[in-house]
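**Student:** Contents are compact mmCIF, C-alpha atoms; file name input.txt:
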```
# COMPACT_ATOMS: atom_id res chain seq x y z
CA MET A 266 -9.28 -21.42 -28.21
CA SER A 267 -12.07 -18.93 -27.78
CA ASN A 268 -11.06 -16.74 -24.86
CA ASN A 269 -8.16 -15.29 -22.91
CA ASP A 270 -8.63 -17.61 -19.94
CA GLN A 271 -8.02 -20.66 -22.15
CA ALA A 272 -4.83 -19.08 -23.49
CA VAL A 273 -3.60 -18.32 -19.97
CA ALA A 274 -4.51 -21.84 -18.85
CA ILE A 275 -2.40 -23.50 -21.53
CA ILE A 276 0.54 -21.21 -20.70
CA LYS A 277 0.09 -22.20 -17.06
CA ASP A 278 0.25 -25.88 -18.01
CA THR A 279 3.60 -25.23 -19.67
CA PHE A 280 4.78 -23.22 -16.65
CA GLU A 281 3.89 -26.06 -14.30
CA THR A 282 5.63 -28.64 -16.49
CA LEU A 283 8.83 -26.59 -16.48
CA GLN A 284 8.53 -26.00 -12.76
CA ARG A 285 8.19 -29.73 -12.12
CA SER A 286 11.30 -30.39 -14.20
CA GLY A 287 13.25 -27.75 -12.27
CA ILE A 288 13.71 -25.33 -15.19
CA ILE A 289 11.61 -22.75 -13.33
CA ALA A 290 12.37 -22.30 -9.64
CA SER A 291 9.87 -24.07 -7.38
CA GLY A 292 9.09 -20.88 -5.42
CA THR A 293 8.00 -18.94 -8.52
CA THR A 294 4.31 -18.05 -8.59
CA PHE A 295 2.45 -18.01 -11.87
CA SER A 296 0.62 -14.79 -12.72
CA GLY A 297 -0.42 -12.74 -15.71
CA ASP A 298 2.32 -10.22 -14.97
CA MET A 299 5.05 -12.81 -14.89
CA VAL A 300 7.84 -11.89 -17.32
CA ILE A 301 8.77 -14.70 -19.72
CA LEU A 302 11.29 -12.79 -21.81
CA GLY A 303 13.11 -9.58 -20.97
CA SER A 304 14.60 -8.08 -17.84
CA ASN A 305 13.47 -9.74 -14.60
CA SER A 306 12.39 -12.81 -16.54
CA GLU A 307 11.89 -16.01 -14.60
CA LEU A 308 13.55 -17.87 -17.49
CA ASP A 309 17.06 -17.83 -18.91
CA SER A 310 17.51 -18.18 -22.68
CA LEU A 311 17.49 -22.00 -22.59
CA GLY A 312 14.47 -21.92 -20.31
CA PHE A 313 12.68 -19.63 -22.75
CA VAL A 314 13.43 -21.98 -25.68
CA THR A 315 12.11 -24.90 -23.64
CA PHE A 316 9.03 -22.89 -22.64
CA ILE A 317 8.16 -21.99 -26.23
CA SER A 318 8.85 -25.54 -27.49
CA ASP A 319 6.63 -27.05 -24.82
CA LEU A 320 3.88 -24.54 -25.54
CA GLU A 321 4.02 -25.19 -29.30
CA GLU A 322 3.77 -28.91 -28.74
CA ARG A 323 0.92 -28.53 -26.27
CA LEU A 324 -1.04 -26.26 -28.64
CA SER A 325 -0.45 -28.56 -31.60
CA GLU A 326 -1.64 -31.60 -29.68
CA GLN A 327 -4.62 -29.90 -28.07
CA TYR A 328 -5.87 -28.29 -31.29
CA ASP A 329 -4.67 -31.05 -33.62
CA ARG A 330 -2.77 -28.86 -36.04
CA ASP A 331 0.76 -27.58 -36.51
CA ILE A 332 1.31 -24.45 -34.47
CA PHE A 333 4.64 -22.62 -34.66
CA LEU A 334 5.39 -19.65 -32.44
CA VAL A 335 7.66 -17.30 -34.34
CA LEU A 336 9.60 -14.95 -32.10
CA ASN A 337 9.64 -12.14 -34.68
CA ASP A 338 5.83 -12.23 -34.88
CA ILE A 339 5.53 -12.16 -31.10
CA GLY A 340 7.98 -9.24 -31.06
CA ASP A 341 5.90 -7.35 -33.65
CA PHE A 342 2.77 -8.02 -31.61
CA ASN A 343 4.52 -6.78 -28.48
CA MET A 344 6.10 -3.72 -30.11
CA ASN A 345 7.54 -1.02 -27.82
CA ASN A 346 7.43 -3.30 -24.80
CA PRO A 347 10.81 -4.52 -23.55
CA SER A 348 9.31 -7.51 -21.72
CA LEU A 349 7.03 -10.35 -22.74
CA THR A 350 4.55 -11.22 -20.01
CA VAL A 351 2.10 -14.10 -19.66
CA GLN A 352 -0.83 -11.77 -20.43
CA VAL A 353 0.76 -10.46 -23.62
CA LEU A 354 1.66 -13.97 -24.76
CA ALA A 355 -1.90 -15.10 -24.03
CA ALA A 356 -3.32 -12.26 -26.13
CA TYR A 357 -0.91 -13.18 -28.94
CA LEU A 358 -1.93 -16.85 -28.76
CA LEU A 359 -5.60 -16.00 -28.82
CA GLY A 360 -5.13 -13.88 -31.93
CA LEU A 361 -2.97 -16.52 -33.60
CA MET A 362 -5.41 -19.35 -32.93
CA GLN A 363 -8.43 -17.35 -34.06
CA GLU A 364 -6.57 -16.21 -37.18
CA GLU A 365 -5.63 -19.79 -38.07
CA GLY A 366 -8.82 -21.37 -36.83
CA MET B 1233 30.61 -50.08 -33.49
CA PRO B 1234 28.17 -49.90 -30.60
CA ALA B 1235 25.88 -46.90 -30.96
CA SER B 1236 23.25 -47.82 -28.41
CA PHE B 1237 23.89 -44.54 -26.59
CA ALA B 1238 22.24 -42.77 -29.52
CA SER B 1239 19.01 -44.62 -30.01
CA VAL B 1240 17.25 -41.95 -32.06
CA VAL B 1241 19.39 -40.57 -34.85
CA VAL B 1242 18.41 -37.88 -37.35
CA ILE B 1243 20.48 -37.60 -40.53
CA THR B 1244 20.00 -35.17 -43.38
CA GLY B 1245 20.70 -36.05 -47.00
CA THR B 1246 20.18 -39.80 -46.82
CA SER B 1247 19.06 -40.57 -50.37
CA ARG B 1248 22.62 -41.33 -51.53
CA GLY B 1249 26.32 -40.96 -50.88
CA LEU B 1250 27.66 -40.57 -47.37
CA GLY B 1251 24.23 -39.90 -45.82
CA LEU B 1252 22.85 -43.17 -47.17
CA ARG B 1253 25.86 -45.13 -45.84
CA LEU B 1254 25.70 -43.44 -42.44
CA ALA B 1255 21.98 -44.18 -42.18
CA GLN B 1256 22.64 -47.85 -42.97
CA LEU B 1257 25.47 -48.06 -40.44
CA PHE B 1258 23.36 -46.52 -37.68
CA ILE B 1259 20.49 -48.88 -38.51
CA ASP B 1260 22.91 -51.81 -38.35
CA ALA B 1261 24.01 -50.52 -34.94
CA GLY B 1262 20.43 -50.79 -33.71
CA CYS B 1263 19.38 -47.15 -33.89
CA LEU B 1264 16.06 -45.76 -35.04
CA VAL B 1265 17.05 -43.49 -37.93
CA PHE B 1266 15.10 -40.59 -39.40
CA GLY B 1267 16.46 -39.44 -42.73
CA CYS B 1268 15.49 -36.85 -45.26
CA SER B 1269 16.32 -35.72 -48.75
CA ARG B 1270 14.63 -34.01 -51.65
CA GLY B 1271 14.21 -37.36 -53.39
CA GLU B 1272 13.20 -40.86 -52.46
CA SER B 1273 15.50 -43.08 -50.47
CA ALA B 1274 16.58 -46.53 -51.56
CA LEU B 1275 16.79 -47.49 -47.91
CA GLU B 1276 14.02 -49.69 -46.57
CA ASP B 1277 14.17 -50.92 -43.02
CA GLN B 1278 11.76 -51.09 -40.12
CA ARG B 1279 14.16 -48.88 -38.16
CA TYR B 1280 14.29 -46.25 -40.87
CA ARG B 1281 11.89 -43.39 -41.65
CA HIS B 1282 12.36 -41.22 -44.68
CA ASP B 1283 10.78 -37.86 -45.45
CA ARG B 1284 11.10 -35.96 -48.69
CA ILE B 1285 11.87 -32.39 -47.72
CA ASP B 1286 14.00 -29.50 -48.86
CA ILE B 1287 16.11 -28.49 -45.86
CA GLY B 1288 16.42 -25.01 -47.38
CA ASP B 1289 12.71 -24.55 -46.60
CA ASP B 1290 12.38 -23.71 -42.91
CA ALA B 1291 8.67 -24.61 -42.69
CA GLU B 1292 9.37 -28.09 -44.11
CA VAL B 1293 12.21 -28.56 -41.62
CA ARG B 1294 9.99 -27.51 -38.69
CA ARG B 1295 7.29 -29.98 -39.68
CA TRP B 1296 9.85 -32.75 -40.22
CA ILE B 1297 11.55 -32.34 -36.85
CA ARG B 1298 8.22 -32.06 -35.09
CA GLY B 1299 7.17 -35.31 -36.76
CA VAL B 1300 10.34 -37.00 -35.55
CA LYS B 1301 9.74 -35.75 -32.01
CA LYS B 1302 6.15 -36.91 -32.13
CA GLU B 1303 7.07 -40.43 -33.23
CA ALA B 1304 10.32 -41.02 -31.34
CA GLY B 1305 9.76 -38.72 -28.37
CA ARG B 1306 13.36 -37.51 -28.46
CA ILE B 1307 16.41 -36.89 -30.63
CA ASP B 1308 19.72 -38.22 -29.34
CA LEU B 1309 21.93 -37.44 -32.30
CA LEU B 1310 21.61 -35.11 -35.27
CA VAL B 1311 24.02 -35.58 -38.17
CA CYS B 1312 23.97 -32.61 -40.54
CA ASN B 1313 25.20 -34.31 -43.65
CA ALA B 1314 23.10 -32.82 -46.44
CA GLY B 1315 25.00 -30.53 -48.72
CA ILE B 1316 25.56 -29.95 -52.37
CA VAL B 1317 28.78 -30.22 -54.34
CA ALA B 1318 27.72 -28.90 -57.70
CA SER B 1319 30.59 -27.30 -59.55
CA VAL B 1320 34.29 -26.59 -59.56
CA LEU B 1321 34.61 -23.12 -61.03
CA PRO B 1322 36.82 -20.14 -60.28
CA LEU B 1323 34.95 -17.62 -58.19
CA THR B 1324 34.96 -15.10 -61.05
CA LEU B 1325 33.09 -17.58 -63.24
CA THR B 1326 30.70 -18.97 -60.63
CA PRO B 1327 27.08 -18.15 -61.52
CA THR B 1328 24.91 -16.44 -58.90
CA ALA B 1329 22.50 -19.36 -58.92
CA VAL B 1330 25.31 -21.73 -57.91
CA VAL B 1331 26.49 -19.68 -54.95
CA GLU B 1332 22.90 -19.12 -53.86
CA SER B 1333 22.17 -22.83 -53.96
CA TYR B 1334 25.23 -23.54 -51.79
CA LEU B 1335 24.15 -20.96 -49.25
CA ARG B 1336 20.54 -22.17 -49.26
CA THR B 1337 21.21 -25.86 -48.78
CA ASN B 1338 24.57 -26.03 -47.05
CA VAL B 1339 24.29 -23.01 -44.76
CA ALA B 1340 20.61 -22.13 -44.29
CA GLY B 1341 19.57 -25.80 -44.42
CA THR B 1342 22.02 -26.74 -41.69
CA PHE B 1343 20.93 -23.69 -39.71
CA TYR B 1344 17.24 -24.65 -39.86
CA VAL B 1345 17.81 -28.28 -38.94
CA CYS B 1346 20.11 -27.35 -36.05
CA ARG B 1347 17.60 -24.75 -34.85
CA GLU B 1348 14.67 -27.16 -34.74
CA ALA B 1349 16.58 -30.19 -33.41
CA GLY B 1350 18.37 -27.86 -31.00
CA LYS B 1351 15.02 -26.88 -29.48
CA VAL B 1352 14.17 -30.53 -28.90
CA MET B 1353 17.58 -31.23 -27.37
CA THR B 1354 17.38 -28.12 -25.20
CA ALA B 1355 14.05 -29.29 -23.82
CA GLN B 1356 15.38 -32.80 -23.12
CA ARG B 1357 18.63 -31.34 -21.69
CA ALA B 1358 20.74 -33.76 -23.71
CA GLY B 1359 21.81 -34.35 -27.27
CA ARG B 1360 24.60 -34.46 -29.79
CA ILE B 1361 24.94 -32.53 -33.02
CA VAL B 1362 27.61 -33.45 -35.54
CA ALA B 1363 27.98 -31.59 -38.83
CA VAL B 1364 29.85 -32.93 -41.81
CA SER B 1365 32.22 -30.36 -43.25
CA SER B 1366 35.28 -30.83 -45.43
CA THR B 1367 39.04 -30.43 -45.42
CA MET B 1368 38.42 -27.91 -48.21
CA THR B 1369 37.94 -25.22 -45.58
CA ARG B 1370 41.67 -25.56 -44.80
CA LEU B 1371 43.04 -25.99 -48.31
CA HIS B 1372 41.84 -22.79 -50.00
CA GLU B 1373 41.80 -24.73 -53.24
CA PRO B 1374 41.03 -22.76 -56.42
CA GLY B 1375 37.60 -23.60 -57.79
CA THR B 1376 36.01 -24.24 -54.42
CA ALA B 1377 35.18 -20.71 -53.23
CA ALA B 1378 31.42 -21.14 -52.97
CA TYR B 1379 31.60 -24.66 -51.54
CA SER B 1380 34.40 -23.92 -49.06
CA ALA B 1381 32.75 -20.70 -47.92
CA SER B 1382 29.52 -22.58 -47.26
CA LYS B 1383 31.33 -25.27 -45.25
CA GLY B 1384 33.32 -22.62 -43.37
CA ALA B 1385 30.02 -21.00 -42.44
CA VAL B 1386 28.69 -24.35 -41.22
CA GLU B 1387 31.76 -24.82 -39.02
CA GLU B 1388 31.36 -21.39 -37.44
CA LEU B 1389 27.62 -21.96 -36.96
CA ILE B 1390 28.37 -25.20 -35.11
CA ARG B 1391 30.99 -23.59 -32.88
CA VAL B 1392 28.60 -20.79 -31.87
CA LEU B 1393 25.84 -23.33 -31.28
CA ALA B 1394 28.25 -25.38 -29.16
CA ARG B 1395 28.59 -22.45 -26.78
CA GLU B 1396 24.86 -21.70 -26.79
CA LEU B 1397 23.76 -25.26 -26.07
CA ALA B 1398 26.51 -26.34 -23.65
CA PRO B 1399 24.45 -25.34 -20.59
CA ALA B 1400 21.69 -27.66 -21.84
CA GLY B 1401 24.07 -30.63 -21.98
CA VAL B 1402 24.18 -30.64 -25.78
CA THR B 1403 27.48 -30.93 -27.63
CA CYS B 1404 28.08 -29.76 -31.20
CA ASN B 1405 31.06 -30.88 -33.25
CA ILE B 1406 32.30 -31.19 -36.80
CA VAL B 1407 33.72 -34.03 -38.83
CA ALA B 1408 35.72 -32.74 -41.78
CA PRO B 1409 36.81 -35.56 -44.07
CA GLY B 1410 39.00 -35.34 -47.12
CA LEU B 1411 37.89 -36.93 -50.36
CA ILE B 1412 34.95 -39.29 -49.99
CA CYS B 1413 34.00 -41.44 -52.96
CA THR B 1414 30.41 -40.57 -53.78
CA ASP B 1415 28.43 -40.01 -56.98
CA ALA B 1416 28.94 -36.28 -56.50
CA SER B 1417 32.72 -36.42 -56.13
CA ASP B 1418 33.02 -39.03 -58.90
CA SER B 1419 31.28 -36.63 -61.28
CA PHE B 1420 34.32 -34.35 -61.27
CA GLY B 1421 36.44 -37.04 -62.92
CA PRO B 1422 39.65 -38.95 -62.16
CA GLU B 1423 41.97 -35.96 -62.70
CA TRP B 1424 40.22 -33.89 -60.06
CA ARG B 1425 40.18 -36.88 -57.71
CA GLU B 1426 43.96 -37.36 -58.04
CA ARG B 1427 44.53 -33.66 -57.46
CA MET B 1428 42.41 -33.76 -54.29
CA LEU B 1429 44.20 -36.83 -52.99
CA GLY B 1430 47.51 -35.11 -53.70
CA LEU B 1431 46.50 -32.31 -51.31
CA GLN B 1432 45.72 -34.72 -48.47
CA THR B 1433 48.20 -36.00 -45.91
CA ILE B 1434 46.77 -39.50 -46.13
CA LYS B 1435 46.47 -40.04 -49.85
CA ARG B 1436 43.37 -42.15 -50.12
CA PRO B 1437 39.67 -41.48 -49.87
CA VAL B 1438 38.10 -41.46 -46.41
CA SER B 1439 35.53 -44.24 -46.02
CA ALA B 1440 31.98 -43.89 -44.71
CA GLU B 1441 32.86 -46.39 -41.98
CA GLU B 1442 35.69 -44.15 -40.77
CA ILE B 1443 33.35 -41.15 -40.71
CA PHE B 1444 30.71 -43.19 -38.88
CA HIS B 1445 33.33 -44.08 -36.27
CA ALA B 1446 34.21 -40.39 -35.82
CA VAL B 1447 30.53 -39.45 -35.46
CA CYS B 1448 30.06 -42.24 -32.90
CA TYR B 1449 32.98 -40.88 -30.91
CA PHE B 1450 31.34 -37.44 -30.69
CA ALA B 1451 28.04 -39.11 -29.78
CA SER B 1452 29.53 -41.29 -27.05
CA PRO B 1453 29.03 -40.54 -23.34
CA LEU B 1454 32.79 -40.19 -22.82
CA ALA B 1455 32.87 -37.31 -25.33
CA ALA B 1456 30.44 -35.26 -23.23
CA ALA B 1457 33.18 -32.72 -22.51
CA VAL B 1458 34.13 -32.36 -26.18
CA THR B 1459 32.28 -29.58 -27.97
CA GLY B 1460 32.95 -27.03 -30.69
CA GLN B 1461 35.71 -29.20 -32.15
CA THR B 1462 36.57 -30.10 -35.71
CA LEU B 1463 38.00 -33.51 -36.48
CA TYR B 1464 39.90 -33.43 -39.78
CA MET B 1465 40.26 -36.75 -41.54
CA GLY B 1466 43.00 -37.41 -44.08
CA LEU B 1467 44.65 -34.04 -43.58
CA VAL B 1468 46.96 -32.27 -41.17
CA PRO B 1469 45.20 -28.89 -41.24
```
Kindly present the structure from the file in structure tokens form.
**Tutor:**
Amino acid sequence: MSNNDQAVAIIKDTFETLQRSGIIASGTTFSGDMVILGSNSELDSLGFVTFISDLEERLSEQYDRDIFLVLNDIGDFNMNNPSLTVQVLAAYLLGLMQEEG
Amino acid sequence: MPASFASVVVITGTSRGLGLRLAQLFIDAGCLVFGCSRGESALEDQRYRHDRIDIGDDAEVRRWIRGVKKEAGRIDLLVCNAGIVASVLPLTLTPTAVVESYLRTNVAGTFYVCREAGKVMTAQRAGRIVAVSSTMTRLHEPGTAAYSASKGAVEELIRVLARELAPAGVTCNIVAPGLICTDASDSFGPEWRERMLGLQTIKRPVSAEEIFHAVCYFASPLAAAVTGQTLYMGLVP
């Protein structure tokens, strides 16, 4: 993963998978500002767990190594922000993949 | 006992004792069984996979469960059986290392396995978790403070998880047998065994087959509305 667009694209793949399975409402539009965790989130707690699990699996398969998304680390990365958006998660993923790569 | 409703079964602590017997019984019932322990397993079967891991190590648990998911594609039933029974000492004489080992394996280990398998079950919107506890949590027997506290913690963990995962169609329950004859329980000697049986309502050891039957009940489709429950075996609590 070398740029932000790739990170957003893989998050979008997860979003679309969850939308197809009905976990995310069909009318929801994907965007960088979409809140994944926090107030006004498109996901409930079970939806968030499913989202993160799907994303971990997708990353691990695509990059052929074990990737684990640790909520505490994401929280530290997103300090002082009450919501986790697609853009913030993408920036976190990019940093994580470059750090481990 | 038909167990075809749980085709992929994950069991912790399968190198010996109850875990080994449960693994064999689920294999015999036609399930694909994934077991783990710190040591090797004597079990060899084409429907059995064994990994050597320490369930007190969360990274090892994450890799193990991910491996299971990758190979089997799903987890229908998780049986949290692994646990240590290492000493029978009054609390005031129990070494720190002993209580820490109980908390690490029995409590944290169960927590990690439930967390990782729970993610898989949440994503698949189905699953069954059954933890093995003990009647000791109801007997308050001297010499079992560290062990009973760890099993009490497991029971509470499972009840909370039952509420958290119910919306995902996952049930979480507890089987709490009285004395089971294993290498671990045998190591405490015949006197201790007789004392334990004396505390039970049904004064004989509980068999692995009986525990398997109880686990199968919780795993069955008709138990889909049963969650957060403890089934005591051999004792009126």
**Student:** Should the cut-off be 9 Å, what would the residue list for chain A against chain B look like, counting all atoms listed in the file, as a VMD selection string?
**Tutor:** chain A and resid 311 to 312 314 to 316 318 to 319 322 331 333
**Student:** Can you tell me how far CA of Thr1414 (chain B) sits from CA of Tyr1464 (chain B), in Å to one decimal?
**Tutor:** 18.4 Å
**Student:** Which residue gives the smallest distance to Met1428 (chain B) among B:Ser1333, B:Thr1367, B:Gln1278, B:Thr1246, with all atoms listed in the file counted?
**Tutor:**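 Closest to Met1428 (chain B) of all the choices is B:Thr1367.
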**Student:** Nearest to Cys1346 (chain B) among B:Pro1469, B:Val1458, B:Arg1360, B:Phe1266, with distances taken over all atoms listed in the file: which residue is it?
**Tutor:**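 Of B:Pro1469, B:Val1458, B:Arg1360, B:Phe1266, the one nearest Cys1346 (chain B), counting all atoms listed in the file, is B:Arg1360.
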**Student:** What gap, in Å, lies between CA of Thr1459 (chain B) and CA of Arg285 (chain A)?
**Tutor:** 28.8 Å
**Student:** Tell me which of B:Ser1273, B:Thr1328, B:Thr1244, B:Thr1337 sits closest to Asp1289 (chain B), counting only C-alpha atoms.
**Tutor:**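 For Asp1289 (chain B), the nearest of the given residues is B:Thr1337.
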**Student:** Dig up all the protein and nucleic acid residues within 6 Å of (39.5, -42.0, -43.6) in the file frame, using all atoms listed in the file, and format them as a short mmCIF file (atom, residue, chain, number, x, y, z; two decimals) with C-alpha atoms, in the frame of the given file.
**Tutor:**
```
data_model
loop_
_atom_site.label_atom_id
_atom_site.label_comp_id
_atom_site.auth_asym_id
_atom_site.auth_seq_id
_atom_site.Cartn_x
_atom_site.Cartn_y
_atom_site.Cartn_z
CA VAL B 1438 38.10 -41.46 -46.41
CA SER B 1439 35.53 -44.24 -46.02
CA GLU B 1442 35.69 -44.15 -40.77
CA MET B 1465 40.26 -36.75 -41.54
CA GLY B 1466 43.00 -37.41 -44.08
#
```
**Student:** Give me, as a count of residues only, all polymer residues having an atom no more than 9 Å from Thr279 (chain A), counting all atoms listed in the file and skipping those fewer than 2 positions away in the same chain.
**Tutor:** 13
**Student:** Using all atoms listed in the file, determine which residues lie at most 10 Å from Leu1431 (chain B), disregarding the query and same-chain residues fewer than 2 positions distant; provide the list as a PyMOL selection string.
**Tutor:** chain B and resi 1367-1368+1371+1373+1410-1411+1426-1429+1433-1435+1466-1467
**Student:** Restricting the output to C-alpha atoms, write the selected residues as a compact mmCIF listing (two decimals), in the coordinates of the input.
**Tutor:**
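Here's the written file part_17.txt:
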```
# COMPACT_ATOMS: atom_id res chain seq x y z
CA THR B 1367 39.04 -30.43 -45.42
CA MET B 1368 38.42 -27.91 -48.21
CA LEU B 1371 43.04 -25.99 -48.31
CA GLU B 1373 41.80 -24.73 -53.24
CA GLY B 1410 39.00 -35.34 -47.12
CA LEU B 1411 37.89 -36.93 -50.36
CA GLU B 1426 43.96 -37.36 -58.04
CA ARG B 1427 44.53 -33.66 -57.46
CA MET B 1428 42.41 -33.76 -54.29
CA LEU B 1429 44.20 -36.83 -52.99
CA THR B 1433 48.20 -36.00 -45.91
CA ILE B 1434 46.77 -39.50 -46.13
CA LYS B 1435 46.47 -40.04 -49.85
CA GLY B 1466 43.00 -37.41 -44.08
CA LEU B 1467 44.65 -34.04 -43.58
```
**Student:** Quote the spacing between CA of Ile1297 (chain B) and CA of His1282 (chain B) in Å to one decimal place.
**Tutor:**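 Result for CA of Ile1297 (chain B) versus CA of His1282 (chain B): 11.9 Å, one decimal.
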**Student:** Nearest to Ala1358 (chain B) among B:Pro1453, B:Gly1384, B:Gly1267, B:Gly1421, with distances taken over all atoms listed in the file: which residue is it?
**Tutor:**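 For Ala1358 (chain B), the nearest of the candidates is B:Pro1453.
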**Student:** Which residues are near Leu302 (chain A)? Cut-off 9 Å, all atoms listed in the file, ignore same chain within fewer than 5 positions. Put them as number ranges by chain.
**Tutor:** A: 307-310, 313, 347-350
**Student:** For Val1364 (chain B), list every protein, DNA or RNA residue within 7 Å, evaluated using only C-alpha atoms, and leave out those in the same chain fewer than 2 positions away; present the list as a PyMOL selection string.
**Tutor:** chain B and resi 1312-1313+1362+1366+1406-1408
